[in-house]
Amino acid sequence: MRIYIVGAGALGSLFGGLLARAGAHVCLYNPSNVEHIRVIQSAGLAIERDGSSLKITVEATTTPDALAEADLVGIFVKAHQTARAMEQIAPKLNPRSWVLSLQNGVGMESEILRFVSGERFLRGVTAQGATLVGPGRVRWAGVGLTRLGRWEGPITSEIEAILALLRRAEIETEYSGEIERLLWEKIIINCAINPLTALCDQPNGVIVHDAELREVAGAVACEALRVARAHGVTLTDSEAVERVETVACRTAQNISSMLQDVRRGRPTEIDYINGAVVREGRRLQIPTPLNLLLTRLIAAGRMLEHPA
Ligand code: PAF
């Protein structure tokens, strides 16, 4: 299977690298991190985990030349970069390719659907944790479940083949017919972990190891859950908190994607995560003051001192 990863940052490189190791013909595309691509071209991609490093030979490029040959195109750019990335790749996109987005947040799907039919679009979520530690180097800092579904239509044998490949690549993956529920279940996790780790400049484990932050994360998750229930989520408060804490434990060493953005001085996905909860809460007349506060603090770039 030919796979093209659009937005080969931390997570895109991890998925692309693991799929290449499992035998797929993968191309990692990133037009903005030229050094990352150059190192992969000359020395391969290093996936680091538990003190050991796995070297993977994988194609990498800064121009989307071979995109039309892809059976599967993975969209791994940040939520706010989706419109621009789609406009860049659209002229080369093959209408027969499957397009998969495992991006954080909600709301960017409409940008993909401007160029991709709902029948070829796979949307999902992942609890994998990955950090870009240097050019050509990704730390696989947490293992978690990946779930995806077809935007329109039933599962097909081609989708079964994609699922089988992901599983062969050591990416535990499930199919789901309820994408909206998946997305909102993941929003609860990102709402609690991402802004708090970003504000405190700490890896994900702080959410469970710091008793005060644990309480705040739980309250943020329960607030997001009220909104998520309107999108098919049926978790109880304690189940939602447990999910947040399980992901924080399994990815304890990971630097959340939002903290990675903050550390690099880049825009974050806050408007597609906590901001989406606030907007949806307003529409549904559900108060979301904690999510609003976190959205405002991240947008204003307010970093907190975390006690040692
Ligand atoms: O955004 C992230 O960092 C990830 O979605 C997750 C699962 C919270 C792990 O860090």
# chains A, B, ... in the order shown; residues from 1 in each chain; ligands from 1
$ residues_near_ligand --ligand "ligand 1" --cutoff "8 Å" --atoms "only C-alpha atoms and all ligand atoms" --output "ChimeraX atom specification"
/A:104,126-130,142,144,186,189-190,193-194,204,247-248,251,254-259
$ select_by_dssp --residues "range 24-251 of chain A" --states "helix (DSSP H, G or I)" --output "PyMOL selection string"
chain A and resi 34-43+65-69+79-92+109-113+118-120+157-168+179-200+206-209+211-231+237-250
$ residues_around --residues "range 155-157 of chain A" --least-positions-apart "5" --cutoff "9 Å" --atoms "only C-alpha atoms" --output "ChimeraX atom specification"
/A:149-150,162,175,177
$ residues_around --residues "range 223-228 of chain A" --least-positions-apart "6" --cutoff "7 Å" --atoms "only C-alpha atoms" --output "CSV table (one decimal) with all heavy atoms, in the first residue's frame"
chain,number,residue,atom,x,y,z
A,184,TRP,N,-15.8,13.6,20.0
A,184,TRP,CA,-16.1,14.3,21.3
A,184,TRP,C,-15.6,13.6,22.5
A,184,TRP,O,-15.3,14.2,23.5
A,184,TRP,CB,-17.6,14.6,21.3
A,184,TRP,CG,-17.9,15.8,20.5
A,184,TRP,CD1,-18.2,15.8,19.1
A,184,TRP,CD2,-17.8,17.2,20.8
A,184,TRP,NE1,-18.3,17.1,18.7
A,184,TRP,CE2,-18.1,18.0,19.7
A,184,TRP,CE3,-17.5,17.9,22.0
A,184,TRP,CZ2,-18.1,19.4,19.7
A,184,TRP,CZ3,-17.5,19.3,22.0
A,184,TRP,CH2,-17.8,20.0,20.9
A,188,ILE,N,-12.7,15.6,25.1
A,188,ILE,CA,-12.7,15.7,26.6
A,188,ILE,C,-11.3,15.4,27.1
A,188,ILE,O,-10.8,16.1,28.0
A,188,ILE,CB,-13.6,14.6,27.2
A,188,ILE,CG1,-15.1,14.9,26.8
A,188,ILE,CG2,-13.5,14.4,28.7
A,188,ILE,CD1,-16.1,13.7,27.1
A,277,VAL,N,-15.4,23.6,22.5
A,277,VAL,CA,-16.4,23.2,23.6
A,277,VAL,C,-17.1,24.5,24.0
A,277,VAL,O,-18.3,24.5,24.2
A,277,VAL,CB,-15.6,22.7,24.8
A,277,VAL,CG1,-16.5,22.6,26.1
A,277,VAL,CG2,-15.0,21.3,24.5
A,280,GLU,N,-19.7,25.4,21.2
A,280,GLU,CA,-20.8,24.5,21.2
A,280,GLU,C,-21.6,24.6,22.5
A,280,GLU,O,-22.9,24.5,22.5
A,280,GLU,CB,-20.2,23.1,21.1
A,280,GLU,CG,-21.0,22.0,20.6
A,280,GLU,CD,-21.9,22.3,19.3
A,280,GLU,OE1,-21.6,23.3,18.6
A,280,GLU,OE2,-22.9,21.6,19.1
A,281,GLY,N,-21.0,24.9,23.6
A,281,GLY,CA,-21.7,25.2,24.9
A,281,GLY,C,-22.6,26.4,24.8
A,281,GLY,O,-23.8,26.3,25.2
A,286,ILE,N,-25.1,25.7,27.5
A,286,ILE,CA,-24.4,24.9,28.6
A,286,ILE,C,-23.2,25.8,29.0
A,286,ILE,O,-22.3,26.0,28.2
A,286,ILE,CB,-23.9,23.5,28.1
A,286,ILE,CG1,-25.2,22.7,27.7
A,286,ILE,CG2,-23.2,22.8,29.2
A,286,ILE,CD1,-24.8,21.4,27.0
A,288,THR,N,-19.6,26.9,30.2
A,288,THR,CA,-18.3,26.3,30.1
A,288,THR,C,-17.2,27.2,30.6
A,288,THR,O,-16.2,27.5,29.8
A,288,THR,CB,-18.0,25.8,28.7
A,288,THR,OG1,-18.1,26.9,27.8
A,288,THR,CG2,-18.9,24.7,28.2
$ residues_around --residues "Ala217 in chain A" --least-positions-apart "3" --cutoff "9 Å" --atoms "only C-alpha atoms" --output "ChimeraX atom specification"
/A:191-193,196,207-208,212-214,220-222,241,244-245
$ closest_residue --among "A:Ile159, A:Leu19, A:Leu290, A:Val216" --to "Ile171 in chain A" --atoms "only C-alpha atoms"
A:Leu19
$ atom_distance --atom1 "CA of Arg181 in chain A" --atom2 "CA of Arg84 in chain A"
26.7 Å
$ closest_residue --among "A:Glu119, A:Gly12, A:Ala240, A:Asn291" --to "Arg279 in chain A" --atoms "only C-alpha atoms"
A:Asn291
$ closest_residue --among "A:Ile3, A:Ile187, A:Val143, A:Ala70" --to "Val58 in chain A" --atoms "only C-alpha atoms"
A:Ile3
$ residues_around --residues "Gln103 in chain A" --least-positions-apart "2" --cutoff "10 Å" --atoms "only C-alpha atoms" --output "list in words"
Leu11, Gly12, Gly74, Ile75, Phe76, Val77, Lys78, Ala79, Thr82, Leu100, Ser101, Gly105, Val106, Met108, Glu109, Arg123, Gly124, Val125, Thr126, Leu183 and Glu269 of chain A
$ closest_residue --among "A:Ser238, A:Ala198, A:Ala141, A:Arg2" --to "Gly265 in chain A" --atoms "only C-alpha atoms"
A:Ala198
